[in-house]
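> The structure file structure38.cif (mmCIF, C-alpha atoms) is provided below.
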```
data_query
#
loop_
_atom_site.label_atom_id
_atom_site.label_comp_id
_atom_site.auth_asym_id
_atom_site.auth_seq_id
_atom_site.Cartn_x
_atom_site.Cartn_y
_atom_site.Cartn_z
CA ALA A 1 -14.51 17.49 -17.18
CA GLN A 2 -17.22 17.47 -14.56
CA SER A 3 -16.82 16.10 -11.05
CA VAL A 4 -18.92 15.75 -7.95
CA THR A 5 -18.02 15.76 -4.27
CA GLN A 6 -20.39 14.37 -1.73
CA LEU A 7 -19.35 15.95 1.52
CA ASP A 8 -20.59 13.27 3.91
CA SER A 9 -19.92 9.57 3.56
CA GLN A 10 -22.43 8.66 6.28
CA VAL A 11 -25.38 10.52 7.73
CA PRO A 12 -27.18 9.03 10.74
CA VAL A 13 -30.56 10.55 11.54
CA PHE A 14 -33.57 9.75 13.67
CA GLU A 15 -36.90 8.90 12.12
CA GLU A 16 -39.11 11.95 11.38
CA ALA A 17 -36.13 14.32 11.59
CA PRO A 18 -35.12 16.48 8.62
CA VAL A 19 -32.05 15.58 6.60
CA GLU A 20 -29.73 17.27 4.13
CA LEU A 21 -27.24 15.38 1.98
CA ARG A 22 -24.63 17.67 0.55
CA CYS A 23 -23.25 17.67 -2.98
CA ASN A 24 -20.84 20.09 -4.64
CA TYR A 25 -19.89 19.95 -8.28
CA SER A 26 -17.08 21.26 -10.42
CA SER A 27 -17.41 22.12 -14.09
CA SER A 28 -16.29 24.69 -16.62
CA VAL A 29 -19.48 24.30 -18.67
CA SER A 30 -23.16 24.16 -17.93
CA VAL A 31 -24.17 20.94 -16.25
CA TYR A 32 -27.07 18.70 -15.50
CA LEU A 33 -27.37 17.33 -11.97
CA PHE A 34 -28.99 14.23 -10.56
CA TRP A 35 -29.64 12.42 -7.32
CA TYR A 36 -29.99 8.65 -7.36
CA VAL A 37 -30.91 6.27 -4.54
CA GLN A 38 -29.71 2.70 -4.14
CA TYR A 39 -31.55 0.48 -1.69
CA PRO A 40 -29.66 -2.54 -0.34
CA ASN A 41 -28.95 -5.13 -3.03
CA GLN A 42 -30.77 -3.15 -5.69
CA GLY A 43 -29.95 -1.01 -8.70
CA LEU A 44 -30.14 2.77 -8.95
CA GLN A 45 -33.35 4.71 -8.97
CA LEU A 46 -33.62 8.35 -10.02
CA LEU A 47 -34.83 10.63 -7.23
CA LEU A 48 -34.72 13.91 -9.12
CA LYS A 49 -32.81 15.87 -11.70
CA TYR A 50 -31.99 19.46 -12.58
CA LEU A 51 -31.75 20.23 -16.27
CA SER A 52 -32.86 23.86 -16.43
CA GLY A 53 -35.49 26.24 -15.12
CA SER A 54 -36.49 26.44 -11.50
CA THR A 55 -33.58 25.88 -9.16
CA LEU A 56 -35.78 24.05 -6.65
CA VAL A 57 -36.41 20.56 -7.91
CA LYS A 58 -38.93 18.20 -6.38
CA GLY A 59 -38.51 14.47 -6.70
CA ILE A 60 -40.04 11.24 -5.59
CA ASN A 61 -40.60 10.10 -2.00
CA GLY A 62 -40.77 13.67 -0.67
CA PHE A 63 -37.20 14.63 -1.58
CA GLU A 64 -36.19 17.95 -3.06
CA ALA A 65 -32.93 19.59 -4.07
CA GLU A 66 -31.82 23.12 -4.81
CA PHE A 67 -29.41 24.03 -7.56
CA ASN A 68 -27.13 26.84 -6.45
CA LYS A 69 -24.89 27.99 -9.26
CA SER A 70 -22.89 30.50 -7.22
CA GLN A 71 -22.14 27.89 -4.56
CA THR A 72 -21.81 25.08 -7.16
CA SER A 73 -24.01 22.94 -4.96
CA PHE A 74 -26.98 20.63 -5.34
CA HIS A 75 -27.96 19.56 -1.83
CA LEU A 76 -30.71 17.01 -1.28
CA ARG A 77 -33.26 17.56 1.47
CA LYS A 78 -36.22 15.85 3.06
CA PRO A 79 -38.23 17.47 5.88
CA SER A 80 -39.08 14.20 7.65
CA VAL A 81 -37.36 10.89 6.99
CA HIS A 82 -38.69 7.38 7.39
CA ILE A 83 -36.93 4.14 8.24
CA SER A 84 -37.49 3.10 4.62
CA ASP A 85 -35.27 5.97 3.44
CA THR A 86 -32.23 4.08 4.69
CA ALA A 87 -30.14 3.67 1.56
CA GLU A 88 -27.10 4.88 -0.35
CA TYR A 89 -27.55 8.21 -2.15
CA PHE A 90 -25.50 9.30 -5.13
CA CYS A 91 -25.14 12.74 -6.61
CA ALA A 92 -24.20 12.80 -10.31
CA VAL A 93 -23.31 15.39 -12.91
CA SER A 94 -23.19 15.32 -16.67
CA ASP A 95 -22.09 17.73 -19.34
CA PRO A 96 -24.67 19.00 -21.85
CA SER A 97 -24.25 15.91 -24.02
CA GLY A 98 -25.25 13.60 -21.19
CA TYR A 99 -22.88 10.92 -22.45
CA ALA A 100 -20.48 11.09 -19.51
CA LEU A 101 -22.35 10.79 -16.23
CA ASN A 102 -20.01 11.25 -13.27
CA PHE A 103 -21.07 10.06 -9.84
CA GLY A 104 -19.99 11.07 -6.37
CA LYS A 105 -18.75 8.49 -3.91
CA GLY A 106 -22.10 8.20 -2.23
CA THR A 107 -23.67 9.08 1.11
CA SER A 108 -25.04 6.34 3.30
CA LEU A 109 -28.21 7.52 5.04
CA LEU A 110 -29.10 5.52 8.12
CA VAL A 111 -32.47 6.26 9.68
CA THR A 112 -33.07 4.87 13.16
CA PRO A 113 -36.18 4.87 15.37
CA GLU B 1 -42.05 -3.99 -19.14
CA ALA B 2 -39.34 -1.49 -20.08
CA GLN B 3 -36.09 -2.65 -18.59
CA VAL B 4 -32.36 -3.14 -18.80
CA THR B 5 -31.40 -6.77 -18.25
CA GLN B 6 -27.96 -7.85 -17.16
CA ASN B 7 -26.68 -11.40 -17.02
CA PRO B 8 -25.42 -13.03 -14.99
CA ARG B 9 -26.40 -11.43 -11.69
CA TYR B 10 -23.53 -13.11 -9.86
CA LEU B 11 -20.30 -14.52 -11.24
CA ILE B 12 -17.20 -15.97 -9.62
CA THR B 13 -14.32 -16.63 -11.98
CA VAL B 14 -10.58 -17.18 -11.96
CA THR B 15 -7.84 -14.83 -13.04
CA GLY B 16 -7.26 -14.82 -16.78
CA LYS B 17 -10.41 -16.61 -17.86
CA LYS B 18 -12.23 -14.52 -20.44
CA LEU B 19 -15.78 -13.59 -19.60
CA THR B 20 -18.65 -11.55 -20.99
CA VAL B 21 -21.36 -9.77 -19.06
CA THR B 22 -24.39 -9.17 -21.21
CA CYS B 23 -26.66 -6.12 -21.18
CA SER B 24 -29.87 -5.85 -23.14
CA GLN B 25 -32.55 -3.15 -23.25
CA ASN B 26 -36.01 -3.31 -24.78
CA MET B 27 -36.66 0.43 -25.06
CA ASN B 28 -34.96 1.12 -28.38
CA HIS B 29 -32.48 3.40 -26.62
CA GLU B 30 -29.52 4.64 -28.62
CA TYR B 31 -27.31 5.39 -25.61
CA MET B 32 -25.91 2.65 -23.37
CA SER B 33 -23.19 2.68 -20.75
CA TRP B 34 -21.29 0.50 -18.29
CA TYR B 35 -20.29 1.45 -14.74
CA ARG B 36 -18.47 -0.27 -11.94
CA GLN B 37 -19.29 0.39 -8.30
CA ASP B 38 -16.70 -0.04 -5.58
CA PRO B 39 -17.03 0.78 -1.86
CA GLY B 40 -15.97 4.32 -1.14
CA LEU B 41 -15.51 5.13 -4.83
CA GLY B 42 -19.09 5.38 -6.03
CA LEU B 43 -19.85 4.53 -9.64
CA ARG B 44 -17.25 5.05 -12.32
CA GLN B 45 -17.98 4.94 -16.02
CA ILE B 46 -16.16 2.26 -18.01
CA TYR B 47 -17.45 2.70 -21.56
CA TYR B 48 -20.43 4.21 -23.26
CA SER B 49 -22.06 3.95 -26.65
CA MET B 50 -23.96 6.69 -28.44
CA ASN B 51 -25.32 4.33 -31.09
CA VAL B 52 -24.62 1.14 -33.00
CA GLU B 53 -20.90 0.81 -33.76
CA VAL B 54 -20.13 4.05 -31.85
CA THR B 55 -18.40 3.65 -28.49
CA ASP B 56 -16.11 5.74 -26.33
CA LYS B 57 -14.04 5.33 -23.19
CA GLY B 58 -15.22 6.44 -19.80
CA ASP B 59 -13.04 7.08 -16.79
CA VAL B 60 -11.81 3.51 -16.15
CA PRO B 61 -11.68 1.58 -19.46
CA GLU B 62 -8.44 -0.34 -18.83
CA GLY B 63 -8.94 -4.10 -18.91
CA TYR B 64 -12.38 -3.92 -20.54
CA LYS B 65 -13.76 -4.12 -24.05
CA VAL B 66 -17.21 -3.42 -25.40
CA SER B 67 -19.04 -3.86 -28.67
CA ARG B 68 -22.30 -2.46 -30.01
CA LYS B 69 -23.31 -4.48 -33.04
CA GLU B 70 -27.03 -4.00 -32.50
CA LYS B 71 -29.00 -1.35 -30.70
CA ARG B 72 -30.43 -3.48 -27.92
CA ASN B 73 -27.22 -5.17 -26.73
CA PHE B 74 -24.05 -3.80 -25.18
CA PRO B 75 -21.86 -6.58 -23.78
CA LEU B 76 -18.92 -5.94 -21.48
CA ILE B 77 -15.92 -8.16 -22.17
CA LEU B 78 -13.08 -8.93 -19.77
CA GLU B 79 -10.48 -10.74 -21.85
CA SER B 80 -8.12 -11.48 -18.96
CA PRO B 81 -9.86 -10.68 -15.67
CA SER B 82 -7.78 -9.78 -12.65
CA PRO B 83 -8.73 -9.57 -8.96
CA ASN B 84 -8.84 -5.75 -9.12
CA GLN B 85 -11.82 -6.10 -11.44
CA THR B 86 -13.84 -7.64 -8.63
CA SER B 87 -16.73 -5.21 -8.44
CA LEU B 88 -20.43 -4.56 -8.90
CA TYR B 89 -21.20 -3.68 -12.49
CA PHE B 90 -24.18 -1.71 -13.79
CA CYS B 91 -25.41 -1.22 -17.29
CA ALA B 92 -27.58 1.78 -18.16
CA SER B 93 -29.44 3.03 -21.20
CA SER B 94 -31.12 6.25 -22.25
CA PHE B 95 -33.36 7.40 -25.08
CA ARG B 96 -32.04 10.91 -24.86
CA PRO B 97 -29.27 11.70 -22.40
CA PRO B 98 -29.32 13.42 -19.99
CA TYR B 99 -33.09 13.40 -19.67
CA GLY B 100 -33.26 9.98 -18.11
CA TYR B 101 -31.24 6.83 -17.62
CA THR B 102 -32.50 3.35 -16.81
CA PHE B 103 -30.16 1.12 -14.85
CA GLY B 104 -29.97 -2.65 -14.77
CA SER B 105 -30.03 -4.60 -11.51
CA GLY B 106 -26.27 -5.13 -11.47
CA THR B 107 -23.77 -7.96 -11.87
CA ARG B 108 -21.59 -8.85 -8.93
CA LEU B 109 -18.28 -10.17 -10.26
CA THR B 110 -15.62 -11.82 -8.14
CA VAL B 111 -12.25 -12.67 -9.68
CA VAL B 112 -10.10 -15.01 -7.61
#
```
Rewrite the structure of this file - the entire thing - as structure tokens.

Amino acid sequence: AQSVTQLDSQVPVFEEAPVELRCNYSSSVSVYLFWYVQYPNQGLQLLLKYLSGSTLVKGINGFEAEFNKSQTSFHLRKPSVHISDTAEYFCAVSDPSGYALNFGKGTSLLVTP
Amino acid sequence: EAQVTQNPRYLITVTGKKLTVTCSQNMNHEYMSWYRQDPGLGLRQIYYSMNVEVTDKGDVPEGYKVSRKEKRNFPLILESPSPNQTSLYFCASSFRPPYGYTFGSGTRLTVV
């Protein structure tokens, strides 16, 4: 089975500063990796996904993530955050079938002026 | 508009009173799934369905039932709800997992 660990439950950051949200995964088979964002009182929106190919994945809203197989990591980064990036971020992993999508516990990103 | 629709959005009920949360998608997706979200636990998969009449358990299926009699609908049934099922529930669908999932807006359930 696949599992995901999000290493930080909360990340406070100042506006226009860079941010990294950390995600490690565990799996005995090849995996697909995702980052989702949840704004307050809303559903989940896909930020980006890694299925194959280039290990550097670019997503929406200026986010990117790098798949590192040797470190079993898929950290999310943004060079300059905005107040509007304040939200809950979830890392998720699935096996090749995609039927079982396992989420991490979430990282709350709080951007302040 | 392509979407996953959950109803109701909010529900308060009493222990033991059977309830159904509906999920409908208009994208002709074969795959559908239910999750519950709890603070500090993230989202956990309850059940999923690969196609009509084909369902399987996720990580936390106890206390829940599902059915998939037609492609567009995937209701979540709580036959005897208990307070520990108080949670935020999300339905999701996909044309071809894992290439993309569409999530509903959520159903906030409170069992008293």
> Need the shell around Val13 of chain A: protein/DNA/RNA residues with any atom at most 12 Å away, counting all atoms listed in the file. Skip same-chain ones fewer than 4 positions apart. Format as a PyMOL selection string?
chain A and resi 17-21+78-83+85-86+108-113
> For this file, the PyMOL selection byres ((chain B) within 9 of (chain A)) selects which residues, as a ChimeraX atom specification?
/B:31-33,38-45,48-50,58-59,90,96-106
> For Ser80 of chain B, which of B:Thr107, B:Gln37, B:Thr15, B:Asn26 is the closest residue, counting all atoms listed in the file?
B:Thr15
> Rounded to one decimal in Å, what is the spacing between atom CA of Gln6 of chain A and atom CA of Ser26 of chain A?
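Separation of atom CA of Gln6 of chain A and atom CA of Ser26 of chain A: 11.6 Å.
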> Using atom CA of Arg36 of chain B and atom CA of Tyr10 of chain B as the two end points, give the distance in Å to one decimal.
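Atom CA of Tyr10 of chain B lies at a distance of 14.0 Å from atom CA of Arg36 of chain B.
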> Rank nothing, just name the residue among A:Ser3, A:Asn61, A:Pro12, A:Ser52 nearest to Tyr36 of chain A, using all atoms listed in the file.
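That would be A:Asn61, the residue with the smallest distance to Tyr36 of chain A.
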> Between atom CA of Cys91 of chain B and atom CA of Glu64 of chain A, what is the distance, to one decimal in Å?
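Pair atom CA of Cys91 of chain B / atom CA of Glu64 of chain A returns 26.2 Å.
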> Looking at B:Leu109, B:Val60, B:Cys23, B:Ala2, which one is nearest to Leu88 of chain B, with distances taken over only C-alpha atoms?
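Closest residue, counting only C-alpha atoms: B:Leu109.
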> Between B:Leu11, B:Val111, B:Ile46, B:Leu19, which one has atoms that come closest to Ala92 of chain B, using only C-alpha atoms?
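Looking at the shortest contact to Ala92 of chain B, the residue is B:Ile46.
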> Where does the PyMOL selection byres ((chain B and resi 67) around 10) land in this file, that is, which residues does it pick, as a list of chain:residue names?
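Taken over the shown coordinates, the PyMOL selection byres ((chain B and resi 67) around 10) returns B:Tyr47, B:Tyr48, B:Ser49, B:Val52, B:Glu53, B:Val54, B:Thr55, B:Lys65, B:Val66, B:Arg68, B:Lys69, B:Glu70, B:Asn73, B:Phe74, B:Pro75, B:Leu76, B:Ile77.
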> Please, could you write that set of residues out with C-alpha atoms as a CSV table (one decimal), keeping the file's coordinate frame?

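What ended up in again_6.csv:
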```csv
chain,number,residue,atom,x,y,z
B,47,TYR,CA,-17.4,2.7,-21.6
B,48,TYR,CA,-20.4,4.2,-23.3
B,49,SER,CA,-22.1,4.0,-26.6
B,52,VAL,CA,-24.6,1.1,-33.0
B,53,GLU,CA,-20.9,0.8,-33.8
B,54,VAL,CA,-20.1,4.0,-31.8
B,55,THR,CA,-18.4,3.6,-28.5
B,65,LYS,CA,-13.8,-4.1,-24.0
B,66,VAL,CA,-17.2,-3.4,-25.4
B,68,ARG,CA,-22.3,-2.5,-30.0
B,69,LYS,CA,-23.3,-4.5,-33.0
B,70,GLU,CA,-27.0,-4.0,-32.5
B,73,ASN,CA,-27.2,-5.2,-26.7
B,74,PHE,CA,-24.0,-3.8,-25.2
B,75,PRO,CA,-21.9,-6.6,-23.8
B,76,LEU,CA,-18.9,-5.9,-21.5
B,77,ILE,CA,-15.9,-8.2,-22.2
```
> For the file shown, what are the residues hit by the PyMOL selection byres ((chain B and resi 81-85) around 7), laid out as a PyMOL selection string?
chain B and resi 15-18+78-80+86-87+111-112
> Would you place a box with edges along x, y and z of the file around all atoms of segment 70-85 of chain A listed there, add 5 Å to each of its six sides, and report the centre and edge lengths in Å to one decimal, as JSON?

```
{"center_x": -30.4, "center_y": 16.8, "center_z": 0.5, "size_x": 27.3, "size_y": 37.4, "size_z": 25.5}
```
> Name the closest residue to Phe67 of chain A among the candidates A:Cys23, A:Pro40, A:Glu16, A:Asp8; distances are taken between atoms, counting all atoms listed in the file.
A:Cys23
> Would you please take segment 47-80 of chain B of the structure in the block above and write N, CA and C atoms to a file as a PDB file, in the first residue's frame?

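Final file, out20.pdb:
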```pdb
ATOM      1  N   TYR B  47     -15.012   4.345   0.174  1.00  0.00           N
ATOM      2  CA  TYR B  47     -15.311   3.361  -0.859  1.00  0.00           C
ATOM      3  C   TYR B  47     -14.987   3.980  -2.211  1.00  0.00           C
ATOM      4  N   TYR B  48     -14.768   3.108  -3.190  1.00  0.00           N
ATOM      5  CA  TYR B  48     -14.660   3.575  -4.549  1.00  0.00           C
ATOM      6  C   TYR B  48     -15.350   2.597  -5.488  1.00  0.00           C
ATOM      7  N   SER B  49     -15.620   3.096  -6.688  1.00  0.00           N
ATOM      8  CA  SER B  49     -16.309   2.277  -7.679  1.00  0.00           C
ATOM      9  C   SER B  49     -15.612   2.436  -9.014  1.00  0.00           C
ATOM     10  N   MET B  50     -15.238   1.316  -9.626  1.00  0.00           N
ATOM     11  CA  MET B  50     -14.556   1.355 -10.906  1.00  0.00           C
ATOM     12  C   MET B  50     -15.549   1.449 -12.066  1.00  0.00           C
ATOM     13  N   ASN B  51     -16.779   1.015 -11.823  1.00  0.00           N
ATOM     14  CA  ASN B  51     -17.808   1.073 -12.855  1.00  0.00           C
ATOM     15  C   ASN B  51     -19.136   0.655 -12.245  1.00  0.00           C
ATOM     16  N   VAL B  52     -20.174   0.655 -13.039  1.00  0.00           N
ATOM     17  CA  VAL B  52     -21.498   0.270 -12.552  1.00  0.00           C
ATOM     18  C   VAL B  52     -21.426  -1.134 -11.948  1.00  0.00           C
ATOM     19  N   GLU B  53     -21.987  -1.259 -10.760  1.00  0.00           N
ATOM     20  CA  GLU B  53     -22.068  -2.518 -10.027  1.00  0.00           C
ATOM     21  C   GLU B  53     -20.709  -3.046  -9.559  1.00  0.00           C
ATOM     22  N   VAL B  54     -19.654  -2.242  -9.653  1.00  0.00           N
ATOM     23  CA  VAL B  54     -18.325  -2.666  -9.194  1.00  0.00           C
ATOM     24  C   VAL B  54     -17.828  -1.677  -8.142  1.00  0.00           C
ATOM     25  N   THR B  55     -17.765  -2.131  -6.888  1.00  0.00           N
ATOM     26  CA  THR B  55     -17.299  -1.251  -5.818  1.00  0.00           C
ATOM     27  C   THR B  55     -16.252  -1.976  -4.977  1.00  0.00           C
ATOM     28  N   ASP B  56     -15.486  -1.206  -4.234  1.00  0.00           N
ATOM     29  CA  ASP B  56     -14.478  -1.809  -3.361  1.00  0.00           C
ATOM     30  C   ASP B  56     -14.244  -0.894  -2.174  1.00  0.00           C
ATOM     31  N   LYS B  57     -13.770  -1.514  -1.073  1.00  0.00           N
ATOM     32  CA  LYS B  57     -13.548  -0.766   0.153  1.00  0.00           C
ATOM     33  C   LYS B  57     -12.279   0.069   0.061  1.00  0.00           C
ATOM     34  N   GLY B  58     -12.347   1.233   0.708  1.00  0.00           N
ATOM     35  CA  GLY B  58     -11.158   2.036   0.883  1.00  0.00           C
ATOM     36  C   GLY B  58     -10.546   1.753   2.244  1.00  0.00           C
ATOM     37  N   ASP B  59     -10.005   2.781   2.861  1.00  0.00           N
ATOM     38  CA  ASP B  59      -9.323   2.602   4.129  1.00  0.00           C
ATOM     39  C   ASP B  59     -10.254   2.601   5.337  1.00  0.00           C
ATOM     40  N   VAL B  60     -11.408   3.261   5.237  1.00  0.00           N
ATOM     41  CA  VAL B  60     -12.299   3.388   6.396  1.00  0.00           C
ATOM     42  C   VAL B  60     -13.748   3.094   6.016  1.00  0.00           C
ATOM     43  N   PRO B  61     -14.059   1.858   5.602  1.00  0.00           N
ATOM     44  CA  PRO B  61     -15.416   1.566   5.119  1.00  0.00           C
ATOM     45  C   PRO B  61     -16.440   1.254   6.216  1.00  0.00           C
ATOM     46  N   GLU B  62     -15.967   1.030   7.455  1.00  0.00           N
ATOM     47  CA  GLU B  62     -16.878   0.561   8.500  1.00  0.00           C
ATOM     48  C   GLU B  62     -17.969   1.597   8.753  1.00  0.00           C
ATOM     49  N   GLY B  63     -19.212   1.136   8.775  1.00  0.00           N
ATOM     50  CA  GLY B  63     -20.348   1.998   9.064  1.00  0.00           C
ATOM     51  C   GLY B  63     -20.953   2.654   7.839  1.00  0.00           C
ATOM     52  N   TYR B  64     -20.407   2.354   6.668  1.00  0.00           N
ATOM     53  CA  TYR B  64     -20.882   2.956   5.421  1.00  0.00           C
ATOM     54  C   TYR B  64     -21.253   1.875   4.416  1.00  0.00           C
ATOM     55  N   LYS B  65     -22.189   2.227   3.546  1.00  0.00           N
ATOM     56  CA  LYS B  65     -22.515   1.400   2.393  1.00  0.00           C
ATOM     57  C   LYS B  65     -22.580   2.288   1.174  1.00  0.00           C
ATOM     58  N   VAL B  66     -22.346   1.683   0.016  1.00  0.00           N
ATOM     59  CA  VAL B  66     -22.471   2.404  -1.246  1.00  0.00           C
ATOM     60  C   VAL B  66     -23.186   1.515  -2.244  1.00  0.00           C
ATOM     61  N   SER B  67     -23.664   2.134  -3.303  1.00  0.00           N
ATOM     62  CA  SER B  67     -24.223   1.380  -4.421  1.00  0.00           C
ATOM     63  C   SER B  67     -23.917   2.138  -5.703  1.00  0.00           C
ATOM     64  N   ARG B  68     -23.798   1.404  -6.778  1.00  0.00           N
ATOM     65  CA  ARG B  68     -23.532   2.053  -8.087  1.00  0.00           C
ATOM     66  C   ARG B  68     -24.412   1.354  -9.131  1.00  0.00           C
ATOM     67  N   LYS B  69     -25.646   1.782  -9.166  1.00  0.00           N
ATOM     68  CA  LYS B  69     -26.628   1.166 -10.072  1.00  0.00           C
ATOM     69  C   LYS B  69     -26.617   1.834 -11.439  1.00  0.00           C
ATOM     70  N   GLU B  70     -26.139   3.049 -11.502  1.00  0.00           N
ATOM     71  CA  GLU B  70     -26.005   3.743 -12.772  1.00  0.00           C
ATOM     72  C   GLU B  70     -24.725   4.561 -12.736  1.00  0.00           C
ATOM     73  N   LYS B  71     -24.187   4.855 -13.898  1.00  0.00           N
ATOM     74  CA  LYS B  71     -22.863   5.442 -13.975  1.00  0.00           C
ATOM     75  C   LYS B  71     -22.793   6.799 -13.294  1.00  0.00           C
ATOM     76  N   ARG B  72     -23.793   7.610 -13.392  1.00  0.00           N
ATOM     77  CA  ARG B  72     -23.690   8.983 -12.921  1.00  0.00           C
ATOM     78  C   ARG B  72     -23.827   9.135 -11.404  1.00  0.00           C
ATOM     79  N   ASN B  73     -24.400   8.167 -10.728  1.00  0.00           N
ATOM     80  CA  ASN B  73     -24.711   8.330  -9.302  1.00  0.00           C
ATOM     81  C   ASN B  73     -23.942   7.349  -8.415  1.00  0.00           C
ATOM     82  N   PHE B  74     -23.533   7.836  -7.258  1.00  0.00           N
ATOM     83  CA  PHE B  74     -22.789   6.999  -6.316  1.00  0.00           C
ATOM     84  C   PHE B  74     -23.150   7.441  -4.907  1.00  0.00           C
ATOM     85  N   PRO B  75     -24.306   7.023  -4.402  1.00  0.00           N
ATOM     86  CA  PRO B  75     -24.733   7.473  -3.081  1.00  0.00           C
ATOM     87  C   PRO B  75     -23.970   6.800  -1.946  1.00  0.00           C
ATOM     88  N   LEU B  76     -23.809   7.553  -0.873  1.00  0.00           N
ATOM     89  CA  LEU B  76     -23.175   7.051   0.352  1.00  0.00           C
ATOM     90  C   LEU B  76     -24.273   6.886   1.397  1.00  0.00           C
ATOM     91  N   ILE B  77     -24.368   5.692   1.946  1.00  0.00           N
ATOM     92  CA  ILE B  77     -25.450   5.359   2.871  1.00  0.00           C
ATOM     93  C   ILE B  77     -24.887   5.102   4.262  1.00  0.00           C
ATOM     94  N   LEU B  78     -25.463   5.780   5.235  1.00  0.00           N
ATOM     95  CA  LEU B  78     -25.141   5.508   6.642  1.00  0.00           C
ATOM     96  C   LEU B  78     -26.391   4.923   7.264  1.00  0.00           C
ATOM     97  N   GLU B  79     -26.387   3.620   7.506  1.00  0.00           N
ATOM     98  CA  GLU B  79     -27.618   2.954   7.950  1.00  0.00           C
ATOM     99  C   GLU B  79     -27.917   3.248   9.415  1.00  0.00           C
ATOM    100  N   SER B  80     -26.900   3.416  10.233  1.00  0.00           N
ATOM    101  CA  SER B  80     -27.091   3.748  11.634  1.00  0.00           C
ATOM    102  C   SER B  80     -25.972   4.709  12.057  1.00  0.00           C
TER     103      SER B  80
END
```
